[in-house]
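Below: run_29.txt (compact mmCIF, C-alpha atoms)
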# COMPACT_ATOMS: atom_id res chain seq x y z
CA MET Q 1 0.00 0.00 0.00
CA THR Q 2 1.50 3.27 -0.90
CA HIS Q 3 0.00 4.93 2.08
CA ARG Q 4 2.12 3.25 4.65
CA TRP Q 5 5.47 3.66 6.27
CA ALA Q 6 8.22 1.35 5.27
CA ALA Q 7 9.28 0.13 8.61
CA SER Q 8 7.64 -4.53 11.64
CA LEU Q 9 7.48 -5.33 12.81
CA ALA Q 10 8.36 -7.53 11.69
CA VAL Q 11 8.82 -6.77 13.20
CA LEU Q 12 11.45 -6.29 11.76
CA THR Q 13 13.14 -6.08 8.59
CA ALA Q 14 11.87 -4.62 5.47
CA PHE Q 15 8.63 -6.33 4.73
CA ALA Q 16 8.01 -4.47 1.53
CA ALA Q 17 4.40 -3.86 1.01
CA VAL Q 18 3.52 -4.61 -2.54
CA ALA Q 19 0.65 -2.29 -2.90
CA SER Q 20 -0.89 0.75 -1.44
CA ALA Q 21 -3.63 0.49 1.04
CA CYS Q 22 -4.99 3.95 1.11
CA ALA Q 23 -3.76 5.16 -2.20
CA GLY Q 24 -4.59 1.98 -3.99
CA GLU Q 25 -1.31 2.15 -5.85
CA ASP Q 26 1.14 -0.69 -6.20
CA VAL Q 27 4.35 -0.37 -4.25
CA THR Q 28 7.41 -2.50 -4.18
CA THR Q 29 9.48 -1.73 -1.14
CA GLY Q 30 8.88 -0.90 2.38
CA THR Q 31 9.35 -2.00 5.85
CA GLY Q 32 7.11 -3.76 8.09
CA LEU Q 33 7.11 -4.99 11.55
CA GLU Q 34 7.54 -8.27 13.03
CA GLY Q 35 10.68 -8.99 11.36
CA TYR Q 36 9.63 -6.43 8.99
CA ALA Q 37 9.85 -2.76 9.28
CA VAL Q 38 7.23 -0.60 7.78
CA VAL Q 39 8.06 2.99 8.21
CA ASP Q 40 10.47 4.11 5.60
CA SER Q 41 10.05 2.40 2.27
CA THR Q 42 7.72 2.27 -0.63
CA SER Q 43 5.97 -0.64 0.88
CA SER Q 44 5.50 -2.10 4.25
CA THR Q 45 5.79 -5.71 3.35
CA ALA Q 46 9.33 -5.86 2.21
CA SER Q 47 10.73 -4.10 5.20
CA SER Q 48 8.65 -5.78 7.78
CA ILE Q 49 9.49 -9.33 7.07
CA ALA Q 50 12.88 -9.27 8.64
CA ALA Q 51 15.50 -11.90 8.46
CA VAL Q 52 15.54 -15.62 8.55
CA ALA Q 53 19.20 -16.32 9.11
CA PRO Q 54 21.26 -19.11 10.61
CA ASP Q 55 23.37 -17.95 13.53
CA SER Q 56 21.67 -16.28 16.42
CA THR Q 57 22.31 -14.04 19.36
CA GLU Q 58 19.42 -13.84 21.76
CA PRO Q 59 18.03 -10.72 23.34
CA ASP Q 60 18.22 -10.08 27.06
CA ALA Q 61 15.26 -11.45 28.94
CA PRO Q 62 13.75 -9.69 31.96
CA SER Q 63 12.50 -11.43 35.06
CA VAL Q 64 9.10 -13.03 35.18
CA PRO Q 65 7.46 -15.07 37.94
CA THR Q 66 6.41 -18.66 37.61
CA LEU Q 67 3.46 -19.10 35.29
CA ALA Q 68 0.51 -20.72 36.96
CA SER Q 69 -1.48 -22.82 34.52
CA SER Q 70 -3.28 -25.90 35.74
CA THR Q 71 -4.76 -26.73 32.34
CA SER Q 72 -1.51 -26.69 30.41
CA THR Q 73 0.60 -29.72 29.68
CA THR Q 74 3.71 -27.52 29.55
CA GLU Q 75 5.84 -27.24 32.65
CA ALA Q 76 5.57 -23.81 34.27
CA PRO Q 77 8.43 -21.48 33.31
CA ALA Q 78 11.19 -20.45 35.67
CA PRO Q 79 10.87 -17.28 37.79
CA THR Q 80 12.75 -15.40 35.08
CA VAL Q 81 12.25 -15.36 31.34
CA PRO Q 82 14.84 -17.82 29.98
CA ASP Q 83 17.62 -16.41 27.84
CA ASP Q 84 18.78 -19.71 26.39
CA GLN Q 85 18.53 -20.74 22.76
CA PRO Q 86 16.65 -24.04 22.33
CA THR Q 87 18.84 -26.61 20.61
CA SER Q 88 16.28 -29.28 19.72
CA ALA Q 89 12.76 -29.42 18.34
CA ALA Q 90 11.45 -30.55 21.72
CA GLU Q 91 13.14 -27.68 23.53
CA LEU Q 92 11.86 -25.15 21.00
CA ALA Q 93 8.32 -26.52 21.28
CA ASP Q 94 8.48 -26.21 25.07
CA ALA Q 95 9.94 -22.72 24.88
CA LEU Q 96 7.29 -21.51 22.44
CA SER Q 97 4.57 -23.05 24.57
CA ALA Q 98 5.84 -21.32 27.70
CA ALA Q 99 6.06 -17.95 25.96
CA GLU Q 100 2.62 -18.20 24.35
CA LEU Q 101 1.02 -19.21 27.62
CA ALA Q 102 2.82 -16.50 29.56
CA VAL Q 103 1.70 -13.62 27.34
CA ARG Q 104 -1.87 -14.78 27.98
CA ASP Q 105 -1.44 -15.13 31.74
CA THR Q 106 -3.40 -12.32 33.40
CA ASP Q 107 -1.75 -13.14 36.74
CA LEU Q 108 1.47 -11.66 35.38
CA ASP Q 109 1.90 -7.90 35.36
CA PRO Q 110 2.16 -6.05 32.02
CA GLU Q 111 5.95 -5.73 32.14
CA GLN Q 112 6.35 -9.44 32.73
CA ARG Q 113 4.03 -10.34 29.88
CA ALA Q 114 5.89 -7.92 27.64
CA ALA Q 115 9.17 -9.65 28.50
CA TRP Q 116 7.64 -12.96 27.49
CA GLY Q 117 6.35 -11.30 24.32
CA ARG Q 118 9.89 -10.36 23.32
CA ARG Q 119 10.97 -13.92 24.00
CA GLN Q 120 8.01 -15.17 21.91
CA GLN Q 121 9.00 -12.98 18.96
CA TRP Q 122 12.60 -14.17 19.07
CA LEU Q 123 11.60 -17.84 19.25
CA TYR Q 124 9.59 -17.56 16.04
CA ARG Q 125 12.72 -16.19 14.38
CA ILE Q 126 14.70 -19.16 15.66
CA LEU Q 127 12.03 -21.47 14.28
CA ALA Q 128 12.32 -19.70 10.91
CA VAL Q 129 15.91 -20.86 10.44
CA ARG Q 130 15.26 -24.50 11.30
CA PRO Q 131 14.85 -27.21 8.63
CA GLU Q 132 11.30 -27.69 7.38
CA ALA Q 133 11.00 -31.15 8.91
CA GLU Q 134 12.00 -29.79 12.30
CA VAL Q 135 9.47 -26.97 11.99
CA ASP Q 136 6.73 -29.55 11.46
CA THR Q 137 7.94 -31.41 14.55
CA VAL Q 138 7.88 -28.25 16.66
CA LEU Q 139 4.40 -27.27 15.51
CA GLY Q 140 3.15 -30.74 16.33
CA ALA Q 141 4.70 -30.77 19.80
CA VAL Q 142 3.58 -27.46 21.30
CA ASP Q 143 1.06 -27.35 24.12
CA PRO Q 144 -2.43 -28.18 22.78
CA GLU Q 145 -3.83 -25.11 24.51
CA ILE Q 146 -1.94 -22.78 22.17
CA ALA Q 147 -1.24 -25.08 19.21
CA THR Q 148 -3.61 -23.25 16.88
CA ALA Q 149 -2.11 -19.87 17.79
CA VAL Q 150 1.43 -21.11 17.19
CA ALA Q 151 0.52 -22.56 13.80
CA THR Q 152 -1.28 -19.35 12.85
CA ASN Q 153 1.57 -17.09 13.96
CA TRP Q 154 3.89 -19.29 11.94
CA GLN Q 155 1.65 -18.93 8.89
CA ALA Q 156 1.88 -15.14 9.17
CA ARG Q 157 5.67 -15.30 9.47
CA VAL Q 158 5.91 -17.45 6.34
CA GLU Q 159 3.68 -15.12 4.32
CA LEU Q 160 5.64 -12.03 5.33
CA ASN Q 161 8.97 -13.70 4.73
CA VAL Q 162 8.00 -14.57 1.17
CA LEU Q 163 7.07 -10.94 0.59
CA LEU Q 164 10.45 -9.83 1.86
CA LEU Q 165 12.43 -12.24 -0.26
CA GLN Q 166 10.63 -11.01 -3.37
CA HIS Q 167 12.40 -7.70 -2.95
CA GLY Q 168 15.85 -8.82 -1.88
CA ILE Q 169 17.83 -8.15 1.28
CA PRO Q 170 19.22 -4.61 1.64
CA ASP Q 171 22.80 -3.72 2.58
CA TYR Q 172 21.59 -0.68 4.50
CA LEU Q 173 19.47 0.24 7.48
CA PRO Q 174 16.67 2.79 7.02
CA ALA Q 175 16.47 6.44 7.97
CA TRP Q 176 14.06 5.87 10.82
CA ARG Q 177 13.52 6.83 14.42
CA ILE Q 178 12.42 4.07 16.79
CA VAL Q 179 10.31 5.13 19.75
CA GLU Q 180 8.30 3.52 22.51
CA PRO Q 181 4.76 2.73 21.34
CA ALA Q 182 1.70 4.09 23.09
CA PRO Q 183 0.71 1.95 26.09
CA ALA Q 184 -1.02 -1.32 25.22
CA ASP Q 185 -4.29 -0.36 26.94
CA GLU Q 186 -4.41 2.99 25.16
CA LEU Q 187 -3.95 1.46 21.72
CA LEU Q 188 -6.43 -1.29 22.52
CA ALA Q 189 -9.05 1.34 23.34
CA TYR Q 190 -8.40 3.03 19.98
CA TYR Q 191 -8.78 -0.26 18.08
CA GLN Q 192 -11.97 -1.13 19.91
CA ASP Q 193 -13.50 2.35 19.58
CA ALA Q 194 -12.77 2.42 15.84
CA GLY Q 195 -14.15 -1.08 15.48
CA ALA Q 196 -17.33 -0.26 17.36
CA ALA Q 197 -17.87 2.85 15.23
CA THR Q 198 -17.30 1.19 11.86
CA GLY Q 199 -17.88 -2.53 12.24
CA VAL Q 200 -14.29 -3.39 11.31
CA PRO Q 201 -12.99 -6.01 13.79
CA TRP Q 202 -10.61 -4.38 16.23
CA GLU Q 203 -8.33 -7.39 15.82
CA VAL Q 204 -7.79 -6.52 12.16
CA LEU Q 205 -6.85 -2.94 13.02
CA ALA Q 206 -4.37 -4.17 15.62
CA ALA Q 207 -2.87 -6.65 13.16
CA ILE Q 208 -2.40 -3.96 10.50
CA ASN Q 209 -0.77 -1.67 13.06
CA LEU Q 210 1.52 -4.52 14.08
CA VAL Q 211 2.61 -5.30 10.54
CA GLU Q 212 2.89 -1.70 9.39
CA THR Q 213 4.91 -0.02 12.14
CA ARG Q 214 5.14 -2.37 15.07
CA MET Q 215 2.29 -0.49 16.67
CA GLY Q 216 3.83 2.92 16.12
CA ARG Q 217 7.43 2.19 17.06
CA ILE Q 218 8.70 3.20 13.63
CA ARG Q 219 8.73 6.90 12.80
CA GLY Q 220 9.64 8.00 9.32
CA ILE Q 221 8.32 8.58 5.84
CA SER Q 222 8.19 5.79 3.32
CA THR Q 223 9.77 6.14 -0.08
CA ALA Q 224 6.22 6.40 -1.37
CA GLY Q 225 5.53 9.26 1.05
CA ALA Q 226 3.39 7.31 3.49
CA VAL Q 227 3.28 8.51 7.08
CA GLY Q 228 2.02 7.58 10.50
CA PRO Q 229 1.44 4.40 12.49
CA MET Q 230 -1.04 3.05 9.91
CA GLN Q 231 0.95 4.28 6.87
CA PHE Q 232 -1.18 6.67 4.89
CA LEU Q 233 -0.27 8.71 1.84
CA PRO Q 234 -1.27 12.32 2.51
CA THR Q 235 -3.40 12.31 -0.64
CA THR Q 236 -5.24 9.18 0.41
CA TRP Q 237 -5.76 10.53 3.90
CA ALA Q 238 -7.27 13.72 2.51
CA GLU Q 239 -9.76 11.69 0.49
CA CYS Q 240 -10.96 9.31 3.19
CA CYS Q 241 -10.11 10.49 6.66
CA GLU Q 242 -10.10 13.31 9.20
CA GLY Q 243 -7.61 14.38 11.82
CA ASP Q 244 -3.87 13.74 11.90
CA PRO Q 245 -2.51 10.56 10.25
CA THR Q 246 0.57 10.68 12.48
CA GLN Q 247 -1.51 10.35 15.66
CA ASP Q 248 -2.48 6.88 16.84
CA ARG Q 249 -6.14 7.55 17.55
CA ASP Q 250 -6.81 9.35 14.27
CA ALA Q 251 -4.74 6.94 12.18
CA ILE Q 252 -6.44 3.85 13.57
CA ARG Q 253 -9.91 5.35 13.08
CA GLY Q 254 -8.82 6.42 9.60
CA ALA Q 255 -7.71 2.89 8.75
CA ALA Q 256 -11.11 1.57 9.83
CA GLU Q 257 -12.90 4.16 7.70
CA TYR Q 258 -10.66 3.35 4.77
CA LEU Q 259 -11.44 -0.36 5.06
CA ILE Q 260 -15.17 0.39 5.15
CA ASP Q 261 -14.80 2.52 2.04
CA ARG Q 262 -13.08 -0.47 0.45
CA GLY Q 263 -16.04 -2.74 1.19
CA ALA Q 264 -15.05 -4.31 4.53
CA ALA Q 265 -18.70 -4.72 5.52
CA THR Q 266 -19.23 -7.37 2.85
CA ASP Q 267 -15.72 -8.53 1.90
CA LEU Q 268 -13.10 -7.89 4.55
CA ASP Q 269 -10.34 -9.75 2.71
CA ARG Q 270 -10.82 -7.59 -0.35
CA ALA Q 271 -10.79 -4.45 1.75
CA ILE Q 272 -7.51 -5.46 3.39
CA TRP Q 273 -6.13 -6.25 -0.06
CA GLY Q 274 -6.99 -2.68 -0.99
CA TYR Q 275 -4.90 -1.56 1.95
CA ASN Q 276 -1.94 -3.46 0.55
CA ASN Q 277 -2.35 -5.18 -2.80
CA SER Q 278 -0.95 -8.56 -1.81
CA ASP Q 279 -2.74 -11.82 -1.01
CA ARG Q 280 0.13 -12.69 1.33
CA TYR Q 281 -0.32 -9.43 3.20
CA VAL Q 282 -4.02 -10.21 3.60
CA ALA Q 283 -3.22 -13.71 4.85
CA ALA Q 284 -0.71 -12.41 7.40
CA VAL Q 285 -3.02 -9.72 8.75
CA GLN Q 286 -5.93 -12.15 9.00
CA ALA Q 287 -3.69 -14.71 10.71
CA TYR Q 288 -2.68 -12.32 13.48
CA ALA Q 289 -6.25 -11.06 13.75
CA SER Q 290 -7.57 -14.60 14.16
CA VAL Q 291 -5.16 -15.25 17.03
CA LEU Q 292 -6.49 -12.14 18.77
CA ALA Q 293 -10.09 -13.15 18.08
CA GLU Q 294 -9.47 -16.56 19.63
CA ASN Q 295 -7.85 -15.06 22.72
CA PRO Q 296 -7.56 -11.26 23.10
CA GLU Q 297 -4.92 -11.73 25.80
CA ALA Q 298 -2.47 -12.61 23.01
CA TYR Q 299 -2.40 -8.88 22.29
CA SER Q 300 0.05 -8.29 25.14
CA GLY Q 301 2.63 -10.38 23.31
CA TYR Q 302 2.21 -8.63 19.96
CA HIS Q 303 2.39 -5.21 21.59
CA ALA Q 304 5.82 -6.12 22.98
CA TRP Q 305 7.32 -7.20 19.64
CA GLU Q 306 10.31 -5.07 18.71
CA VAL Q 307 11.57 -3.70 15.40
CA TYR Q 308 13.66 -6.33 13.62
CA TYR Q 309 15.25 -5.42 10.28
CA ARG Q 310 16.64 -7.99 7.92
CA SER Q 311 19.79 -6.91 6.11
CA SER Q 312 22.81 -8.47 4.45
CA ALA Q 313 24.50 -8.19 7.86
CA GLY Q 314 21.80 -10.36 9.43
CA LEU Q 315 18.60 -9.77 11.33
CA LEU Q 316 19.19 -6.66 13.42
CA ARG Q 317 17.14 -5.25 16.26
CA LEU Q 318 16.58 -1.52 15.93
CA PRO Q 319 16.16 -0.46 19.55
CA VAL Q 320 14.22 2.44 20.98
CA GLY Q 321 16.55 5.38 20.47
CA TYR Q 322 17.72 4.28 17.04
CA GLU Q 323 17.67 7.42 14.92
CA GLU Q 324 19.27 7.89 11.52
CA LEU Q 325 18.61 10.84 9.24
CA GLU Q 326 19.95 8.90 6.25
CA SER Q 327 20.34 5.22 5.39
CA VAL Q 328 23.38 3.64 7.03
CA ASP Q 329 25.57 0.68 6.11
CA ALA Q 330 24.15 -2.35 7.93
CA THR Q 331 27.50 -4.09 8.42
CA GLN Q 332 29.09 -1.01 9.95
CA TRP Q 333 26.09 -0.41 12.21
CA TRP Q 334 26.22 -4.00 13.39
CA ALA Q 335 29.95 -3.69 14.07
CA ASP Q 336 29.21 -0.66 16.23
CA ASN Q 337 26.19 -2.31 17.89
CA PRO Q 338 26.96 -6.06 18.07
CA GLU Q 339 24.44 -6.61 20.88
CA HIS Q 340 21.61 -5.83 18.48
CA ARG Q 341 22.16 -8.63 15.98
CA VAL Q 342 19.37 -11.15 16.48
CA LEU Q 343 20.45 -13.63 13.84
CA GLY Q 344 23.45 -13.89 11.55
CA ALA Q 345 23.46 -13.41 7.79
CA ASP Q 346 22.53 -16.28 5.47

Can you present the structure in this file as structure tokens?
Amino acid sequence: MTHRWAASLAVLTAFAAVASACAGEDVTTGTGLEGYAVVDSTSSTASSIAAVAPDSTEPDAPSVPTLASSTSTTEAPAPTVPDDQPTSAAELADALSAAELAVRDTDLDPEQRAAWGRRQQWLYRILAVRPEAEVDTVLGAVDPEIATAVATNWQARVELNVLLLQHGIPDYLPAWRIVEPAPADELLAYYQDAGAATGVPWEVLAAINLVETRMGRIRGISTAGAVGPMQFLPTTWAECCEGDPTQDRDAIRGAAEYLIDRGAATDLDRAIWGYNNSDRYVAAVQAYASVLAENPEAYSGYHAWEVYYRSSAGLLRLPVGYEELESVDATQWWADNPEHRVLGAD
């Protein structure tokens, strides 16, 4: 969609969006979240899909109390979020199960669930570099309570990764600024208010925000000129929406209005396709939305996902405070910030 940022994502690397949501124009590069990065490219899909590379360096994991879950078949996690890298399919299945259950555990405070969310995001990236046969084993061995969610999150990752690979892996990092997103409860209220006013499921709005800019973490202007947390072209915004496209509340309501204008009331998939002209984009957004519809508590995990950017230097985490006025060489940035490489280069 030409109306979006090129930043998560992932989520995130460049998950180049192939088409323009609000403008309805085709686009070929961008960034997304979740391994994607959707704020500073012509498309959000390419940038957001972030890397799937071999080596890995895990992120720091904050403390978290033992997860109490009497219905789960997975052993309760340790008092702190583990910082180990699973080395077998069984270990990865257990680790994913623990993370997915923890982000849904309302007995944990928001900071603890966010820490598990960051662990959850990283584990899916580890899964992405495992052989296909091992992936099938992991998906078949996770806790039954969250098996559908894991399979669906994996589907979204696959769709976004294909979009990224269609546009190649850049040697540079984007001219973005990475900031803290609005609080989870605040954004949730915006999604739900916009959904109630328009009939667009709030889960879809949250999923688009996740894929486009990692829920507002990415600040910048896409190569297509798209701006704001929901990536609108100024011309598109002027035609369909009111307010300020760089403000969360207005942008989220604007995205809902745009989807309604695109026929969301009768064909939601087609409306989302209008937001970004890619069947894979639609599949990824609907996958994340379906996880939220099944269990809204999963939102706490998604809200915690950081900005990963896939480059020729590997999958790099762009932390809060990252700010570049111009594109920078990815290898040099990694050399200066080795703690922010999530996975090595292919």

Have a look at Q:Ala156, Q:Ala175, Q:Leu165, Q:Ile252 and name the one nearest to Q:Gln286; count all atoms listed in the file.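 Using all atoms listed in the file, Q:Gln286 sits closest to Q:Ala156.
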
Across Q:Gly140, Q:Arg130, Q:Asp109, Q:Arg219, the smallest distance to Q:Ala93, with only C-alpha atoms counted, is shown by Q:Gly140

Just checking: using only C-alpha atoms, which residue out of Q:Glu257, Q:Glu91, Q:Asp143, Q:Asp279 ends up closest to Q:Thr236?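 Closest to Q:Thr236, using only C-alpha atoms: Q:Glu257.
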
Using all atoms listed in the file, what does the table of stretch 271-312 of chain Q residues within 12 Å of stretch 331-337 of chain Q look like, with each row giving the shortest atom pair and its distance in Å to one decimal, sorted by chain and ascending number, as JSON lines?
{"residue": "Q:Tyr309", "atom": "CA", "partner": "Q:Trp334", "partner_atom": "CA", "distance": 11.5}
{"residue": "Q:Arg310", "atom": "CA", "partner": "Q:Thr331", "partner_atom": "CA", "distance": 11.5}
{"residue": "Q:Ser311", "atom": "CA", "partner": "Q:Thr331", "partner_atom": "CA", "distance": 8.5}
{"residue": "Q:Ser312", "atom": "CA", "partner": "Q:Thr331", "partner_atom": "CA", "distance": 7.5}

Which of Q:Thr106, Q:Thr137, Q:Thr246, Q:Ser97 sits closest to Q:Pro234 [using all atoms listed in the file]: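 Among Q:Thr106, Q:Thr137, Q:Thr246, Q:Ser97, it is Q:Thr246 that comes nearest to Q:Pro234.
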
Tell me which protein, DNA and RNA residues are within 9 Å of Q:Ser300, counting only C-alpha atoms, leaving out same-chain ones fewer than 4 positions away, and put them as a ChimeraX atom specification. /Q:103-104,110,113-114,117,184,296,304

By how many Å are atom CA of Q:Tyr258 and atom CA of Q:Thr213 apart? 17.6 Å

Could you tell me how far atom CA of Q:Leu188 sits from atom CA of Q:Glu297, in Å to one decimal place? 11.0 Å

Nearest residue to Q:Trp122 from the set Q:Thr80, Q:Leu316, Q:Cys240, Q:Leu325 (distances using only C-alpha atoms):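 Once distances to Q:Trp122 are computed over only C-alpha atoms, the minimum belongs to Q:Leu316.
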
May I have the residues within 12 Å of Q:Thr87 as a PyMOL selection string, using all atoms listed in the file and disregarding those fewer than 5 positions away in the same chain? chain Q and resi 56+92-95+123+126-127+130+134+138

In Å to one decimal, how far is atom CA of Q:Tyr288 from atom CA of Q:Thr152?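 Computing it gives 7.2 Å between the two atoms.
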
Wanna dump the stretch 270-292 of chain Q-stretch 261-264 of chain Q contacts at 10 Å for me, each residue with its shortest atom pair and the distance in Å to one decimal, counting only C-alpha atoms, ordered by chain and number, as a Markdown table?
| residue | atom | partner | partner_atom | distance |
| --- | --- | --- | --- | --- |
| Q:Arg270 | CA | Q:Ala264 | CA | 7.2 |
| Q:Ala271 | CA | Q:Arg262 | CA | 4.8 |
| Q:Ile272 | CA | Q:Ala264 | CA | 7.7 |
| Q:Trp273 | CA | Q:Arg262 | CA | 9.1 |
| Q:Gly274 | CA | Q:Arg262 | CA | 6.6 |
| Q:Tyr275 | CA | Q:Arg262 | CA | 8.4 |

Here is a test: counting all atoms listed in the file, which residue of Q:Ala298, Q:Ala293, Q:Ile208, Q:Val307 is nearest to Q:Asn276? Q:Ile208

Contacts of Q:Arg217 within 7 Å, only C-alpha atoms, excl. fewer than 4 positions in-chain, as a VMD selection string: chain Q and resid 178 to 181 213

Residue contacts of Q:Gly199 (10 Å, all atoms listed in the file) excluding same-chain residues fewer than 2 positions away, as a PyMOL selection string: chain Q and resi 192-197+201-202+256-257+259-260+264-265

Keeping only C-alpha atoms, take the residues you just selected and write them out as a PDB file, in the coordinates of the input.
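This went into result_19.pdb:
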ATOM      1  CA  GLN Q 192     -11.970  -1.130  19.910  1.00  0.00           C
ATOM      2  CA  ASP Q 193     -13.500   2.350  19.580  1.00  0.00           C
ATOM      3  CA  ALA Q 194     -12.770   2.420  15.840  1.00  0.00           C
ATOM      4  CA  GLY Q 195     -14.150  -1.080  15.480  1.00  0.00           C
ATOM      5  CA  ALA Q 196     -17.330  -0.260  17.360  1.00  0.00           C
ATOM      6  CA  ALA Q 197     -17.870   2.850  15.230  1.00  0.00           C
ATOM      7  CA  PRO Q 201     -12.990  -6.010  13.790  1.00  0.00           C
ATOM      8  CA  TRP Q 202     -10.610  -4.380  16.230  1.00  0.00           C
ATOM      9  CA  ALA Q 256     -11.110   1.570   9.830  1.00  0.00           C
ATOM     10  CA  GLU Q 257     -12.900   4.160   7.700  1.00  0.00           C
ATOM     11  CA  LEU Q 259     -11.440  -0.360   5.060  1.00  0.00           C
ATOM     12  CA  ILE Q 260     -15.170   0.390   5.150  1.00  0.00           C
ATOM     13  CA  ALA Q 264     -15.050  -4.310   4.530  1.00  0.00           C
ATOM     14  CA  ALA Q 265     -18.700  -4.720   5.520  1.00  0.00           C
TER      15      ALA Q 265
END

Give me the residues within 10 Å of Q:Glu242 as a ChimeraX atom specification, counting only C-alpha atoms and dropping any in the same chain fewer than 6 places off. /Q:250-251,253-254,257
